[in-house]
Amino acid sequence: MRYFVVFLLFLSLSSVTAQIAERTQRVSGTVLDDTKSKPLPNVNIINLNSVRGTITDDKGVFEINVQVNDTLHISLIGFQSIRVRVTNDWIKTKTTQISLTEKAIALEEVVLTPYNLTGYLQVDAKLIPVKENYRYGISGLPYGYEAGEYSPNAFNRVLGSIFNPTDMLYNFFGNKPKELRKLKEMNKDDTVRNLLASKFDRETIAIMLGVNKKDIAEILERCNYSEQFIKTANDLQVLDAINDCYEEYKILKRK
């Protein structure tokens with residue numbers, strides 16, 4: 001009887017796997033410049049549902065696995081990012097054309113305030129302020145917190161949020177389990193990781209989490225990452241930082 005039950009379970013799993021495989025289709029597309037109608041290479045495409053990505057080739061062509069109603073996030077530096085829904089028509093025809101609109105970039109005035117350097121290294125080293133960043137280890141965890149000079153309390157904020165239902169981290173981590181799991185899944189795709197390593201705009205992470213970019217800065221601050229890290233880290237580093245903070249939050253909450 002036990003072997004019969006195992007056999008039925010195997011058949012059931014095989015059926016489910018086959019159904020998923022049937023629903024998943026590989027489609028292609030060509031991304032063009034909206035004004036010049038020229039193909040755009042190196043465009044980043046991420047399936048927000050499966051959290052898998054790809055890029056366009058020299059002819060602006062890409063291929064990706066999708067299901068009906070999946071949403072693709074399409075972005076390229078200098079162009080307006082868009083989200084495209086996968087339709088039945090696209091699945092049937094196997095290909096489509098997508099246009100991106102170039103951004104109108106207005107350069108802002110930059111005011112430079114140089115230090116009055118003397119040319120002597122020993123003297124100049126004392127004239128330029130240096131912000132110190134620290135990392136604090138937590139017993140039992142393989143990683144620690146980076147804390148800036150204004151956040152010397154290490155993980156106190158994260159620990160405190162566990163006991164404070166009104167805390168920003170408590171609300172964020174408690175209400176975003178599905179989004180945070182997707183964020184973790186992004187680490188499994190090399191194409192997505194390479195994309196995030198080259199970006200600093202927080203756009204993709206904000207879309208995945210369903211928050212705005214200002215919220216990401218606040219999350220990192222509440223996780224005791226320094227102001228310097230928040231301003232200079234690329235999107236892959238931010239992704240890893242939020243994932244690490246969430247894992248530590250879960251461990252501390254269990255304890």
# chains A, B, ... in the order shown; residues from 1 in each chain; ligands from 1
$ residues_around --residues "segment 43-55 of chain A" --least-positions-apart "5" --cutoff "10 Å" --atoms "only C-alpha atoms" --output "JSON list (two decimals) with C-alpha atoms, in the first residue's frame"
[["chain", "number", "residue", "atom", "x", "y", "z"],
["A", 30, "THR", "CA", 12.89, 42.93, -31.03],
["A", 31, "VAL", "CA", 13.47, 46.18, -29.15],
["A", 32, "LEU", "CA", 13.64, 49.33, -31.28],
["A", 60, "GLY", "CA", 17.94, 44.13, -30.73],
["A", 61, "VAL", "CA", 16.55, 40.58, -30.49],
["A", 62, "PHE", "CA", 15.96, 38.63, -27.28],
["A", 63, "GLU", "CA", 14.42, 35.31, -26.23],
["A", 64, "ILE", "CA", 12.88, 34.50, -22.85],
["A", 65, "ASN", "CA", 10.64, 31.91, -21.21],
["A", 66, "VAL", "CA", 7.20, 33.26, -20.29],
["A", 67, "GLN", "CA", 3.64, 32.38, -19.42],
["A", 69, "ASN", "CA", 0.03, 37.41, -18.25],
["A", 70, "ASP", "CA", 3.68, 37.50, -17.13],
["A", 71, "THR", "CA", 5.08, 41.02, -16.92],
["A", 72, "LEU", "CA", 8.43, 41.92, -18.49],
["A", 73, "HIS", "CA", 10.41, 44.90, -17.23],
["A", 74, "ILE", "CA", 12.45, 46.37, -20.09],
["A", 75, "SER", "CA", 15.16, 48.95, -19.44],
["A", 76, "LEU", "CA", 18.17, 50.60, -21.03],
["A", 77, "ILE", "CA", 20.28, 53.52, -19.81],
["A", 79, "PHE", "CA", 15.65, 55.35, -22.30],
["A", 81, "SER", "CA", 11.83, 51.89, -18.80],
["A", 82, "ILE", "CA", 8.56, 50.11, -19.60],
["A", 83, "ARG", "CA", 6.62, 47.05, -18.47],
["A", 84, "VAL", "CA", 5.05, 44.78, -21.06],
["A", 85, "ARG", "CA", 2.41, 42.09, -20.38],
["A", 86, "VAL", "CA", 2.70, 38.78, -22.19],
["A", 100, "LEU", "CA", 11.64, 52.41, -26.15],
["A", 182, "LYS", "CA", 11.30, 37.02, -5.33],
["A", 183, "LEU", "CA", 14.15, 39.32, -4.39],
["A", 184, "LYS", "CA", 16.06, 36.30, -3.14],
["A", 185, "GLU", "CA", 15.30, 34.43, -6.37],
["A", 186, "MET", "CA", 16.98, 37.21, -8.34],
["A", 187, "ASN", "CA", 20.33, 36.04, -6.95],
["A", 188, "LYS", "CA", 19.97, 32.74, -8.82],
["A", 189, "ASP", "CA", 20.07, 34.27, -12.31],
["A", 190, "ASP", "CA", 23.49, 35.44, -13.52],
["A", 191, "THR", "CA", 21.95, 37.71, -16.15],
["A", 192, "VAL", "CA", 19.92, 39.53, -13.52],
["A", 193, "ARG", "CA", 22.91, 39.76, -11.17],
["A", 194, "ASN", "CA", 25.10, 41.25, -13.92],
["A", 195, "LEU", "CA", 22.34, 43.74, -14.73],
["A", 196, "LEU", "CA", 22.00, 44.87, -11.12],
["A", 204, "THR", "CA", 14.34, 47.18, -10.59],
["A", 207, "ILE", "CA", 9.48, 47.35, -8.70],
["A", 208, "MET", "CA", 10.15, 43.88, -7.30]]
$ residues_around --residues "Gly78 of chain A" --least-positions-apart "2" --cutoff "9 Å" --atoms "only C-alpha atoms" --output "PyMOL selection string"
chain A and resi 75-76+80+101-105
$ residues_around --residues "Asp89 of chain A" --least-positions-apart "5" --cutoff "12 Å" --atoms "only C-alpha atoms" --output "tab-separated table (two decimals) with N, CA and C atoms, in the first residue's frame"
chain	number	residue	atom	x	y	z
A	27	VAL	N	9.45	32.77	-26.09
A	27	VAL	CA	9.09	33.75	-27.12
A	27	VAL	C	10.29	34.65	-27.39
A	67	GLN	N	4.99	32.90	-19.44
A	67	GLN	CA	3.64	32.38	-19.42
A	67	GLN	C	2.69	33.53	-19.70
A	68	VAL	N	1.49	33.22	-20.12
A	68	VAL	CA	0.51	34.27	-20.39
A	68	VAL	C	0.28	35.10	-19.13
A	69	ASN	N	0.24	36.42	-19.31
A	69	ASN	CA	0.03	37.41	-18.25
A	69	ASN	C	1.28	37.69	-17.43
A	94	LYS	N	4.80	34.01	-31.39
A	94	LYS	CA	6.17	33.72	-30.93
A	94	LYS	C	7.12	34.91	-30.99
A	95	THR	N	6.69	36.04	-31.55
A	95	THR	CA	7.59	37.19	-31.64
A	95	THR	C	6.78	38.48	-31.63
A	96	THR	N	7.44	39.59	-31.28
A	96	THR	CA	6.79	40.90	-31.27
A	96	THR	C	7.84	41.99	-31.34
$ residues_around --residues "Ile230 of chain A" --least-positions-apart "2" --cutoff "12 Å" --atoms "only C-alpha atoms" --output "ChimeraX atom specification"
/A:146-148,200-202,213-228,232-235,237-239,241-242
$ write_last_selection --atoms "C-alpha atoms" --output "CSV table (one decimal), in the first residue's frame"
chain,number,residue,atom,x,y,z
A,146,GLU,CA,27.8,47.8,8.3
A,147,ALA,CA,27.2,50.8,10.6
A,148,GLY,CA,28.1,54.4,9.8
A,200,PHE,CA,22.6,52.4,-9.4
A,201,ASP,CA,19.0,53.7,-9.9
A,202,ARG,CA,17.2,51.2,-7.5
A,213,LYS,CA,13.1,54.4,-4.2
A,214,LYS,CA,13.0,56.5,-1.0
A,215,ASP,CA,11.7,53.5,0.9
A,216,ILE,CA,14.7,51.5,-0.1
A,217,ALA,CA,17.0,54.1,1.3
A,218,GLU,CA,15.0,54.0,4.6
A,219,ILE,CA,15.1,50.2,4.7
A,220,LEU,CA,18.9,50.2,4.4
A,221,GLU,CA,19.2,52.9,7.0
A,222,ARG,CA,17.0,50.9,9.4
A,223,CYS,CA,19.2,47.9,8.7
A,224,ASN,CA,22.2,50.1,9.9
A,225,TYR,CA,23.9,50.5,6.6
A,226,SER,CA,25.9,53.8,6.4
A,227,GLU,CA,24.9,56.8,4.4
A,228,GLN,CA,27.9,56.3,2.2
A,232,THR,CA,27.3,54.6,-3.6
A,233,ALA,CA,26.3,50.9,-3.6
A,234,ASN,CA,25.2,49.4,-6.9
A,235,ASP,CA,21.8,47.6,-7.1
A,237,GLN,CA,25.0,45.3,-3.4
A,238,VAL,CA,21.6,46.8,-2.3
A,239,LEU,CA,19.9,43.5,-3.2
A,241,ALA,CA,22.1,44.0,1.8
A,242,ILE,CA,18.3,43.7,2.0
$ closest_residue --among "A:Asn243, A:Asn88, A:Gln97, A:Ser198" --to "Pro39 of chain A" --atoms "only C-alpha atoms"
A:Gln97
